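Colleague: What follows is the file data.txt, containing compact mmCIF, C-alpha atoms and all ligand atoms:
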```txt
# COMPACT_ATOMS: atom_id res chain seq x y z
CA MET A 42 161.85 93.15 14.36
CA ILE A 43 159.64 96.18 14.87
CA ASN A 44 156.55 95.57 17.01
CA ILE A 45 153.12 97.16 16.85
CA PRO A 46 152.84 100.32 19.01
CA LYS A 47 151.44 99.81 22.51
CA GLY A 48 147.66 100.15 22.73
CA THR A 49 147.01 99.35 19.06
CA LYS A 50 145.78 96.17 17.43
CA ASP A 51 146.12 94.41 14.10
CA VAL A 52 143.07 92.96 12.42
CA LEU A 53 144.11 89.59 11.07
CA PRO A 54 142.78 88.03 7.85
CA THR A 55 140.98 85.38 9.91
CA GLN A 56 139.27 88.05 12.05
CA SER A 57 138.37 90.79 9.59
CA TYR A 58 135.00 89.23 8.79
CA LYS A 59 133.99 90.08 12.39
CA TRP A 60 134.77 93.73 11.73
CA GLN A 61 132.86 93.62 8.48
CA TYR A 62 129.90 92.07 10.29
CA ILE A 63 129.81 94.81 12.95
CA GLU A 64 130.32 97.53 10.35
CA SER A 65 127.57 96.18 8.14
CA ALA A 66 125.22 96.10 11.15
CA ALA A 67 126.14 99.76 11.75
CA ARG A 68 125.50 100.64 8.11
CA GLU A 69 122.18 98.83 8.17
CA VAL A 70 121.07 100.75 11.27
CA ALA A 71 122.20 103.96 9.59
CA ARG A 72 120.16 103.07 6.50
CA VAL A 73 116.90 102.45 8.33
CA TYR A 74 117.33 105.57 10.47
CA ASN A 75 118.04 107.64 7.35
CA LEU A 76 121.54 108.65 8.41
CA SER A 77 124.06 109.62 5.72
CA GLU A 78 127.72 108.79 6.04
CA ILE A 79 130.31 111.49 6.65
CA ARG A 80 134.08 111.10 6.63
CA THR A 81 136.36 113.61 8.27
CA PRO A 82 140.17 113.65 8.34
CA VAL A 83 142.03 111.52 10.85
CA PHE A 84 143.78 114.72 11.99
CA GLU A 85 142.43 118.21 12.61
CA HIS A 86 143.77 121.47 13.95
CA THR A 87 144.38 120.97 17.67
CA GLU A 88 142.29 124.05 18.39
CA LEU A 89 139.13 122.20 17.25
CA PHE A 90 139.40 119.69 20.07
CA ARG A 91 140.61 122.21 22.63
CA ARG A 92 137.57 124.38 22.00
CA GLY A 93 135.17 121.56 21.15
CA VAL A 94 135.88 118.78 23.61
CA GLY A 95 137.09 121.12 26.38
CA GLU A 96 140.42 122.03 27.99
CA THR A 97 139.50 120.54 31.37
CA THR A 98 138.65 117.06 30.07
CA ASP A 99 141.09 114.17 30.42
CA VAL A 100 140.82 113.63 26.67
CA VAL A 101 142.19 117.09 25.86
CA GLY A 102 144.29 117.64 28.98
CA LYS A 103 146.12 114.31 29.01
CA GLU A 104 145.31 112.04 26.11
CA MET A 105 145.68 113.76 22.76
CA TYR A 106 148.20 112.78 20.12
CA THR A 107 149.36 116.28 19.25
CA PHE A 108 152.33 117.29 17.12
CA LEU A 109 153.65 120.14 15.02
CA ASP A 110 153.59 119.42 11.30
CA LYS A 111 156.33 120.59 8.94
CA GLY A 112 154.49 123.88 8.53
CA ASN A 113 154.60 124.41 12.31
CA ARG A 114 150.86 123.92 12.71
CA SER A 115 149.59 122.13 15.80
CA ILE A 116 147.80 119.02 14.59
CA THR A 117 145.93 116.39 16.63
CA LEU A 118 144.83 112.88 15.71
CA LYS A 119 141.08 112.83 16.35
CA PRO A 120 140.32 111.56 19.86
CA GLU A 121 136.61 111.22 18.98
CA GLY A 122 134.24 111.90 16.11
CA THR A 123 131.88 114.65 17.25
CA ALA A 124 134.15 117.71 17.00
CA GLY A 125 135.13 116.84 13.41
CA ALA A 126 131.49 116.21 12.49
CA VAL A 127 130.54 119.64 13.86
CA ARG A 128 133.39 121.28 11.92
CA LEU A 129 132.20 119.53 8.76
CA PHE A 130 128.61 120.69 9.42
CA ILE A 131 129.70 124.32 9.84
CA GLU A 132 132.37 124.48 7.13
CA ASN A 133 130.13 122.98 4.47
CA GLY A 134 127.10 125.10 5.30
CA LEU A 135 124.94 122.08 6.13
CA SER A 136 122.72 124.28 8.29
CA SER A 137 121.12 125.47 5.04
CA GLN A 138 119.83 121.93 4.45
CA PRO A 139 116.39 121.00 5.75
CA SER A 140 116.60 120.00 9.43
CA PRO A 141 117.42 117.65 10.90
CA VAL A 142 120.71 116.80 9.19
CA LYS A 143 121.29 113.16 10.10
CA THR A 144 124.80 111.74 9.81
CA PHE A 145 126.87 108.75 10.84
CA TYR A 146 130.51 107.71 10.70
CA ILE A 147 132.81 104.79 11.32
CA THR A 148 136.20 106.14 12.30
CA PRO A 149 139.44 105.37 14.07
CA ALA A 150 140.11 107.53 17.14
CA PHE A 151 143.28 108.06 19.17
CA ARG A 152 143.74 108.62 22.88
CA TYR A 153 147.00 108.32 24.77
CA GLU A 154 145.50 106.29 27.61
CA ARG A 155 147.01 103.54 29.76
CA PRO A 156 146.12 100.50 27.66
CA GLN A 157 144.12 97.71 29.27
CA SER A 158 141.35 95.36 28.23
CA GLY A 159 138.81 97.48 26.35
CA ARG A 160 141.03 100.57 26.45
CA LEU A 161 143.26 101.20 23.48
CA ARG A 162 145.29 104.06 22.08
CA GLU A 163 143.84 103.53 18.66
CA PHE A 164 140.24 102.35 18.65
CA HIS A 165 137.24 102.61 16.34
CA GLN A 166 133.85 104.18 16.77
CA PHE A 167 130.52 103.89 15.04
CA GLY A 168 128.88 107.23 15.75
CA ILE A 169 125.82 109.16 14.73
CA GLU A 170 125.25 112.90 14.93
CA ILE A 171 121.89 114.60 14.27
CA PHE A 172 121.88 118.37 13.81
CA GLY A 173 119.02 120.83 14.01
CA SER A 174 116.38 119.25 16.22
CA PRO A 175 115.91 120.31 19.84
CA SER A 176 113.12 117.83 20.54
CA PRO A 177 113.23 114.96 23.03
CA GLU A 178 111.81 112.77 20.24
CA THR A 179 115.19 113.11 18.53
CA ASP A 180 116.95 112.12 21.77
CA ALA A 181 114.76 109.03 21.81
CA GLU A 182 115.51 108.26 18.18
CA VAL A 183 119.25 108.43 18.80
CA ILE A 184 118.86 106.09 21.78
CA PHE A 185 116.66 103.75 19.70
CA ALA A 186 119.32 103.68 16.98
CA ALA A 187 122.02 102.73 19.52
CA SER A 188 119.75 100.11 21.03
CA SER A 189 118.84 98.58 17.69
CA PHE A 190 122.53 98.44 16.74
CA LEU A 191 123.23 96.43 19.90
CA ASN A 192 120.15 94.26 19.26
CA LYS A 193 121.23 93.62 15.72
CA LEU A 194 124.48 92.23 17.07
CA LYS A 195 122.39 90.15 19.51
CA ILE A 196 124.08 91.75 22.49
CA LYS A 197 121.78 91.32 25.48
CA ASP A 198 124.09 91.99 28.39
CA VAL A 199 123.85 95.80 28.32
CA SER A 200 121.67 98.26 30.13
CA LEU A 201 120.74 101.79 29.29
CA GLU A 202 121.45 104.57 31.77
CA ILE A 203 120.31 108.12 31.15
CA ASN A 204 120.70 111.48 32.83
CA SER A 205 120.17 115.14 32.16
CA ILE A 206 123.01 117.53 32.90
CA GLY A 207 120.86 120.58 32.19
CA CYS A 208 121.57 123.75 30.28
CA ARG A 209 123.70 126.80 31.02
CA ILE A 210 121.02 128.17 33.37
CA CYS A 211 120.61 125.13 35.61
CA ARG A 212 124.28 124.19 35.36
CA ASN A 213 125.29 127.49 37.04
CA GLN A 214 123.17 126.74 40.07
CA TYR A 215 124.35 123.16 40.16
CA ASN A 216 128.00 124.18 39.92
CA GLN A 217 127.46 126.41 42.96
CA ALA A 218 125.93 123.50 44.87
CA LEU A 219 128.81 121.23 43.84
CA LYS A 220 131.37 123.77 44.99
CA ASP A 221 129.59 124.17 48.34
CA TYR A 222 129.70 120.40 48.74
CA TYR A 223 133.34 119.97 47.69
CA ARG A 224 134.82 122.94 49.54
CA PRO A 225 135.24 121.08 52.87
CA HIS A 226 136.58 118.00 50.98
CA LEU A 227 139.27 119.74 48.94
CA ASP A 228 142.10 118.26 51.00
CA GLY A 229 140.88 114.76 50.14
CA VAL A 230 140.72 115.10 46.35
CA CYS A 231 143.50 114.83 43.78
CA GLU A 232 145.48 117.74 42.37
CA THR A 233 143.54 117.69 39.09
CA CYS A 234 140.24 117.85 40.97
CA ARG A 235 141.41 120.87 42.92
CA THR A 236 141.91 122.62 39.58
CA ARG A 237 138.58 121.31 38.33
CA PHE A 238 136.93 122.80 41.42
CA GLU A 239 137.93 126.22 40.09
CA THR A 240 137.61 125.69 36.34
CA ASN A 241 134.85 123.12 35.74
CA PRO A 242 133.19 121.68 38.86
CA LEU A 243 131.08 119.17 36.87
CA ARG A 244 134.31 117.35 35.91
CA LEU A 245 134.83 116.58 39.65
CA LEU A 246 132.21 113.84 39.24
CA ASP A 247 134.15 112.27 36.39
CA CYS A 248 137.45 111.65 38.22
CA LYS A 249 138.77 108.09 38.10
CA GLU A 250 140.87 108.32 41.32
CA GLU A 251 139.47 106.05 44.04
CA ASP A 252 139.46 108.73 46.80
CA CYS A 253 137.75 111.23 44.50
CA LYS A 254 135.18 108.66 43.44
CA LYS A 255 134.22 108.09 47.09
CA ILE A 256 133.72 111.79 47.69
CA ALA A 257 131.71 112.12 44.48
CA GLN A 258 129.24 109.51 45.70
CA ALA A 259 127.53 111.85 48.16
CA ALA A 260 127.67 114.95 45.93
CA PRO A 261 124.43 116.77 45.08
CA LYS A 262 122.58 115.39 42.07
CA ILE A 263 122.17 117.48 38.93
CA THR A 264 118.64 116.16 38.47
CA ASP A 265 117.61 118.09 41.62
CA TYR A 266 118.74 121.34 39.99
CA LEU A 267 117.17 121.18 36.52
CA CYS A 268 115.31 124.27 35.32
CA PRO A 269 111.65 123.75 34.28
CA ASP A 270 112.47 123.46 30.55
CA CYS A 271 115.25 120.92 31.07
CA ARG A 272 113.09 118.97 33.51
CA ALA A 273 110.19 118.86 31.01
CA HIS A 274 112.57 117.74 28.23
CA PHE A 275 113.98 114.96 30.42
CA GLU A 276 110.52 113.81 31.53
CA ARG A 277 109.25 113.71 27.97
CA LEU A 278 112.25 111.59 26.94
CA GLN A 279 111.54 109.16 29.78
CA ASP A 280 107.86 108.96 28.76
CA ILE A 281 108.85 108.11 25.18
CA LEU A 282 111.34 105.43 26.26
CA THR A 283 108.75 103.96 28.64
CA SER A 284 106.03 103.86 26.02
CA ALA A 285 108.47 102.18 23.61
CA ASN A 286 109.19 99.56 26.29
CA LEU A 287 112.88 100.33 26.26
CA PRO A 288 114.13 99.66 29.80
CA PHE A 289 116.38 102.35 31.28
CA LYS A 290 117.67 103.61 34.59
CA VAL A 291 118.14 107.26 35.52
CA ASN A 292 121.72 107.55 36.76
CA PRO A 293 122.36 111.09 38.03
CA ARG A 294 126.10 110.32 38.23
CA ILE A 295 126.59 110.18 34.46
CA VAL A 296 128.30 113.39 33.38
CA ARG A 297 130.34 111.96 30.46
CA GLY A 298 134.00 112.74 29.87
CA LEU A 299 133.62 115.51 27.30
CA ASP A 300 132.60 119.10 27.96
CA TYR A 301 130.14 119.75 25.16
CA TYR A 302 127.11 117.99 26.58
CA THR A 303 123.85 119.69 27.55
CA ARG A 304 120.62 118.11 28.78
CA THR A 305 120.33 114.42 27.82
CA VAL A 306 123.33 112.14 28.29
CA PHE A 307 123.23 108.37 28.13
CA GLU A 308 125.36 105.25 28.19
CA PHE A 309 124.89 101.59 27.40
CA VAL A 310 126.90 99.76 30.04
CA THR A 311 127.80 96.17 30.83
CA ASP A 312 129.41 94.27 33.70
CA SER A 313 130.71 91.56 31.38
CA ILE A 314 134.00 93.07 30.16
CA GLY A 315 135.61 94.43 33.31
CA ALA A 316 136.33 98.02 34.22
CA GLN A 317 135.78 99.54 30.76
CA GLY A 318 132.10 98.69 30.70
CA THR A 319 130.70 101.59 28.67
CA VAL A 320 130.20 100.25 25.17
CA CYS A 321 128.28 103.21 23.85
CA GLY A 322 127.89 106.78 25.07
CA GLY A 323 126.34 109.95 23.83
CA GLY A 324 124.14 112.90 24.46
CA ARG A 325 122.90 116.28 23.42
CA TYR A 326 125.32 119.12 22.67
CA ASP A 327 123.11 122.11 21.92
CA GLY A 328 125.85 124.73 22.35
CA LEU A 329 128.72 123.18 20.40
CA VAL A 330 127.91 124.27 16.84
CA ALA A 331 127.64 127.92 17.92
CA GLN A 332 130.69 127.60 20.15
CA LEU A 333 132.74 126.48 17.15
CA GLY A 334 131.57 129.42 15.07
CA GLY A 335 128.43 128.04 13.38
CA PRO A 336 124.80 129.10 13.65
CA ASP A 337 122.96 128.24 16.85
CA THR A 338 122.07 124.58 16.20
CA PRO A 339 120.91 121.95 18.66
CA ALA A 340 122.44 118.51 18.12
CA ILE A 341 122.67 115.05 19.61
CA GLY A 342 124.58 111.85 18.93
CA PHE A 343 126.37 108.83 20.29
CA ALA A 344 129.42 106.70 19.59
CA ALA A 345 129.95 103.00 20.23
CA GLY A 346 133.44 101.54 20.56
CA ILE A 347 133.85 98.69 18.09
CA GLU A 348 136.68 96.92 19.98
CA ARG A 349 134.66 97.02 23.20
CA LEU A 350 131.66 95.60 21.38
CA MET A 351 133.81 92.83 20.03
CA LEU A 352 135.12 92.02 23.52
CA LEU A 353 131.57 91.96 24.80
CA MET A 354 130.33 89.78 21.98
CA ASP A 355 133.14 87.31 22.64
CA SER A 356 132.57 87.32 26.38
CA VAL A 357 128.78 86.82 26.26
CA GLY A 358 128.97 84.45 23.31
CA ALA A 359 126.98 86.68 20.95
CA PRO A 360 127.09 84.93 17.61
CA PHE A 361 129.28 86.04 14.73
CA PRO A 362 128.35 84.64 11.33
CA ASP A 363 130.62 81.90 9.96
CA PRO A 364 133.72 83.23 8.22
CA PRO A 365 133.14 83.46 4.48
CA LYS A 366 134.15 80.40 2.44
CA ILE A 367 135.06 80.23 -1.25
CA SER A 368 132.51 78.61 -3.54
CA ILE A 369 134.83 76.48 -5.63
CA TYR A 370 138.44 75.36 -5.85
CA ILE A 371 139.57 74.54 -9.36
CA ALA A 372 142.61 72.27 -9.48
CA GLY A 373 144.89 71.95 -12.50
CA MET A 374 147.56 69.34 -13.15
CA ASP A 375 150.03 70.84 -15.66
CA ASP A 376 150.64 74.05 -17.56
CA LEU A 377 147.77 73.51 -19.95
CA THR A 378 145.14 72.51 -17.39
CA ARG A 379 146.31 75.17 -14.94
CA LEU A 380 145.79 77.71 -17.70
CA LYS A 381 142.25 76.40 -18.22
CA SER A 382 141.59 76.53 -14.43
CA LEU A 383 142.72 80.14 -14.42
CA GLU A 384 140.50 80.96 -17.39
CA ILE A 385 137.47 79.32 -15.75
CA ALA A 386 138.24 81.02 -12.43
CA GLU A 387 138.34 84.46 -14.06
CA GLN A 388 135.05 83.77 -15.81
CA LEU A 389 133.46 82.72 -12.52
CA ARG A 390 134.85 85.75 -10.68
CA LYS A 391 133.42 88.03 -13.36
CA ASN A 392 130.07 86.47 -12.54
CA GLY A 393 130.45 87.03 -8.81
CA VAL A 394 131.47 83.49 -7.83
CA SER A 395 134.36 83.29 -5.37
CA CYS A 396 136.99 80.76 -6.32
CA GLU A 397 140.58 79.77 -5.83
CA ILE A 398 143.17 78.03 -7.98
CA ASP A 399 146.69 76.75 -7.42
CA HIS A 400 149.34 79.44 -7.03
CA MET A 401 152.10 77.24 -5.62
CA ASN A 402 152.55 74.45 -8.14
CA ARG A 403 151.24 71.93 -5.64
CA SER A 404 150.61 68.29 -6.42
CA LEU A 405 146.98 67.35 -6.97
CA LYS A 406 146.88 65.67 -3.57
CA SER A 407 148.08 68.75 -1.73
CA GLN A 408 145.81 70.99 -3.81
CA LEU A 409 142.85 68.94 -2.59
CA LYS A 410 144.10 69.18 1.00
CA TYR A 411 144.47 72.93 0.58
CA ALA A 412 140.96 73.22 -0.90
CA ASP A 413 139.65 71.42 2.16
CA LYS A 414 141.54 73.80 4.46
CA LEU A 415 140.05 76.76 2.62
CA GLY A 416 136.60 75.29 3.22
CA ALA A 417 135.77 75.33 -0.51
CA LYS A 418 132.14 74.29 -0.98
CA TYR A 419 132.88 72.62 -4.33
CA VAL A 420 136.02 71.24 -5.95
CA ALA A 421 136.67 70.62 -9.67
CA VAL A 422 139.79 68.98 -11.08
CA ILE A 423 140.75 69.92 -14.63
CA GLY A 424 142.91 67.18 -16.19
CA SER A 425 143.63 66.31 -19.81
CA ASP A 426 140.39 64.23 -20.02
CA GLU A 427 138.34 67.20 -18.90
CA LEU A 428 140.13 69.40 -21.41
CA SER A 429 139.36 67.05 -24.31
CA SER A 430 135.78 66.16 -23.27
CA GLY A 431 134.86 69.65 -22.11
CA ILE A 432 133.13 68.08 -19.12
CA VAL A 433 134.22 68.12 -15.46
CA ASN A 434 133.08 66.38 -12.28
CA ILE A 435 132.23 68.92 -9.61
CA LYS A 436 132.39 67.54 -6.11
CA LYS A 437 130.14 68.97 -3.41
CA MET A 438 132.28 68.87 -0.30
CA SER A 439 129.42 68.80 2.23
CA ASP A 440 128.14 65.38 1.12
CA GLY A 441 130.75 64.09 -1.33
CA SER A 442 128.26 63.92 -4.21
CA THR A 443 129.47 64.73 -7.72
CA ALA A 444 127.87 66.17 -10.83
CA SER A 445 129.03 66.09 -14.41
CA VAL A 446 129.02 69.62 -15.79
CA LYS A 447 130.12 71.18 -19.08
CA LEU A 448 133.10 73.52 -18.54
CA GLN A 449 131.15 76.47 -19.92
CA ASP A 450 128.22 75.70 -17.57
CA ILE A 451 130.13 75.67 -14.24
CA CYS A 452 128.88 79.11 -13.33
CA LYS A 453 125.26 78.28 -14.16
CA TYR A 454 125.54 75.04 -12.16
CA LEU A 455 126.98 76.76 -9.06
CA LYS A 456 124.40 79.50 -9.17
CA GLU A 457 121.57 76.95 -9.38
CA GLU A 458 123.11 74.84 -6.60
CA GLN A 459 123.45 77.75 -4.25
CA LEU A 460 119.93 79.05 -4.70
P1 LIG A 501 133.11 108.55 24.49
O1 LIG A 501 132.27 108.07 25.63
O2 LIG A 501 134.36 109.25 24.85
O3 LIG A 501 132.18 109.49 23.62
O4 LIG A 501 133.46 107.36 23.53
C1 LIG A 501 132.45 106.57 22.97
C2 LIG A 501 132.81 105.10 23.03
O5 LIG A 501 134.09 104.90 22.43
C3 LIG A 501 132.97 104.55 24.44
O6 LIG A 501 131.72 104.18 24.97
C4 LIG A 501 133.85 103.35 24.20
O7 LIG A 501 133.08 102.24 23.77
C5 LIG A 501 134.74 103.81 23.07
N1 LIG A 501 136.04 104.24 23.60
C6 LIG A 501 136.38 105.43 24.14
N2 LIG A 501 137.68 105.45 24.49
C7 LIG A 501 138.18 104.24 24.17
C8 LIG A 501 139.48 103.63 24.27
N3 LIG A 501 140.54 104.29 24.76
N4 LIG A 501 139.62 102.35 23.83
C9 LIG A 501 138.58 101.67 23.29
N5 LIG A 501 137.34 102.20 23.16
C10 LIG A 501 137.14 103.46 23.60
C11 LIG A 501 132.57 110.09 22.48
O8 LIG A 501 133.59 109.85 21.89
C12 LIG A 501 131.54 111.04 21.94
N6 LIG A 501 132.08 111.68 20.73
C13 LIG A 501 130.23 110.33 21.65
C14 LIG A 501 129.19 111.24 21.12
C15 LIG A 501 128.81 111.37 19.83
N7 LIG A 501 128.48 112.11 21.83
C16 LIG A 501 127.67 112.77 21.01
N8 LIG A 501 127.87 112.35 19.81
```
Re-express the file's structure as structure tokens.
Modeller:
Amino acid sequence: MINIPKGTKDVLPTQSYKWQYIESAAREVARVYNLSEIRTPVFEHTELFRRGVGETTDVVGKEMYTFLDKGNRSITLKPEGTAGAVRLFIENGLSSQPSPVKTFYITPAFRYERPQSGRLREFHQFGIEIFGSPSPETDAEVIFAASSFLNKLKIKDVSLEINSIGCRICRNQYNQALKDYYRPHLDGVCETCRTRFETNPLRLLDCKEEDCKKIAQAAPKITDYLCPDCRAHFERLQDILTSANLPFKVNPRIVRGLDYYTRTVFEFVTDSIGAQGTVCGGGRYDGLVAQLGGPDTPAIGFAAGIERLMLLMDSVGAPFPDPPKISIYIAGMDDLTRLKSLEIAEQLRKNGVSCEIDHMNRSLKSQLKYADKLGAKYVAVIGSDELSSGIVNIKKMSDGSTASVKLQDICKYLKEEQL
């Protein structure tokens, strides 16, 4: 038999309600924050990610699913949602809409990483992207949206860490300081970091090799190099978060794994699911729209990994709702009564009542067993008596009580019962 590819997961029929629950929480947050859904293709031209996410990142350098299509074009499965959202914003002229343009998405993403708990090759993100506002109030709103998403799912075991990685002006000075610090350590860092030293010193802080991590610990902090504008922006954001009573920690080591960030970056992290503890990450990317050929447009967003959230919810015992149960099972005994069951079932379904009937020609006894297994809230048995009298006994499974109901009134009865 052919197995599922490494690093991917099936969603089973008994588990999909958990996905629907998380996705509906995401959609509800999007609704109250006035974010409109966007959908971009699963694949894009490779160039979009190379230029958008950055050549020196692990995501682009090592992890992309890239292939030539039959027309010899280089195509890449999206490793994240931001680059595609920016392309959509530019290509569809959304900059002519009143600012800010507030969007969200739920999307699969693909990274050729070494799979482990919380790290997959195909995973899913709920992300938001807000275009057009440079203000720290928007940074706060994006963080509030992420926080209320986690709250909605009753996830308590996460903390918010924020940082500012400055703009082009302060980054230049900081890169110099980083290079001065790393120069005497170059023999102790990995091959990739030696390249990063030349091409993108900020990425040195993002290396996952143990030796490199140790050296990164004593590196200069970006927050000591912020220009006055970036400093004021970062302080204002902290004031807003403080006055909203949203606890946070400034972590000057957060640089994020993607190159497009400017100023604010943030992560919601947890210790409860092992090494892959970042459940949600985001930040400002004021240069990206222009860099990809659009008008100069500040922007900010985040993405939360749905599989990681699910792991976290399972590990901290955050509640999922009960799996959905059918309202009524309608048993039939022979061709005629089965036909009537089917007719009643269709009528109920048209009226929004979930129901099930026999598909397998089971005996009445095993139909009742099956109804119990399905967790049906009510059971009705249509026999020849019920057909001739036009009246059926409906059994309420939670307490065993029964009610005599006209066949044509089953729907009315169930609706009244479930009020
Ligand atoms: P990211 O930090 O690369 O940011 O990914 C966001 C979230 O996706 C992570 O916090 C994690 O929960 C999940 N994630 C990432 N890689 C994996 C993986 N291999 N397996 C399972 N889950 C994973 C971004 O993608 C940015 N586009 C976020 C953003 C939006 N920044 C601004 N706007």
Colleague: Write out as a list in words the residues lying within 12 Å of Asp355 in chain A, counting all atoms listed in the file and excluding same-chain residues fewer than 4 positions away.
Modeller: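 These residues fall inside the cut-off: Lys59, Leu194, Lys195, Ile196, Asp198, Ser313, Ile314, Glu348, Arg349, Leu350, Met351, Ala359, Pro360 and Phe361 of chain A.
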Colleague: Would you output that residue set with C-alpha atoms, as a tab-separated table (two decimals), keeping the file's coordinate frame?
Modeller:
```
chain	number	residue	atom	x	y	z
A	59	LYS	CA	133.99	90.08	12.39
A	194	LEU	CA	124.48	92.23	17.07
A	195	LYS	CA	122.39	90.15	19.51
A	196	ILE	CA	124.08	91.75	22.49
A	198	ASP	CA	124.09	91.99	28.39
A	313	SER	CA	130.71	91.56	31.38
A	314	ILE	CA	134.00	93.07	30.16
A	348	GLU	CA	136.68	96.92	19.98
A	349	ARG	CA	134.66	97.02	23.20
A	350	LEU	CA	131.66	95.60	21.38
A	351	MET	CA	133.81	92.83	20.03
A	359	ALA	CA	126.98	86.68	20.95
A	360	PRO	CA	127.09	84.93	17.61
A	361	PHE	CA	129.28	86.04	14.73
```
Colleague: Report as a PyMOL selection string which protein, DNA and RNA residues come within 7 Å of ligand LIG 501 (chain A), using all atoms listed in the file.
Modeller: chain A and resi 121-123+152+154+159-166+168-170+297-299+319-326+341-349
Colleague: Can you pull out the residues contacting Leu383 in chain A? Cut-off 9 Å, using all atoms listed in the file, and skip same-chain residues under 3 positions away; I want them as a list of chain:residue names.
Modeller: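 Everything that qualifies: A:Ile371, A:Gly373, A:Thr378, A:Arg379, A:Leu380, A:Ala386, A:Glu387, A:Gln388, A:Glu397, A:Ile398, A:Asp399.
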Colleague: Give me the box for range 402-410 of chain A as lines of an AutoDock Vina configuration file, namely the centre and edge lengths in Å to one decimal of a box along x, y and z that holds every listed atom plus 6 Å on each side.
Modeller:
```
center_x = 147.7
center_y = 70.1
center_z = -3.6
size_x = 21.7
size_y = 20.8
size_z = 21.1
```
Colleague: With only C-alpha atoms as the counted atoms, please give the residues lying no more than 12 Å from range 239-250 of chain A, apart from itself and same-chain residues fewer than 4 positions off, as an NGL selection string.
Modeller: :A and (95-100 or 206-207 or 212-224 or 226-227 or 229-235 or 254-263 or 293-303 or 316-317)
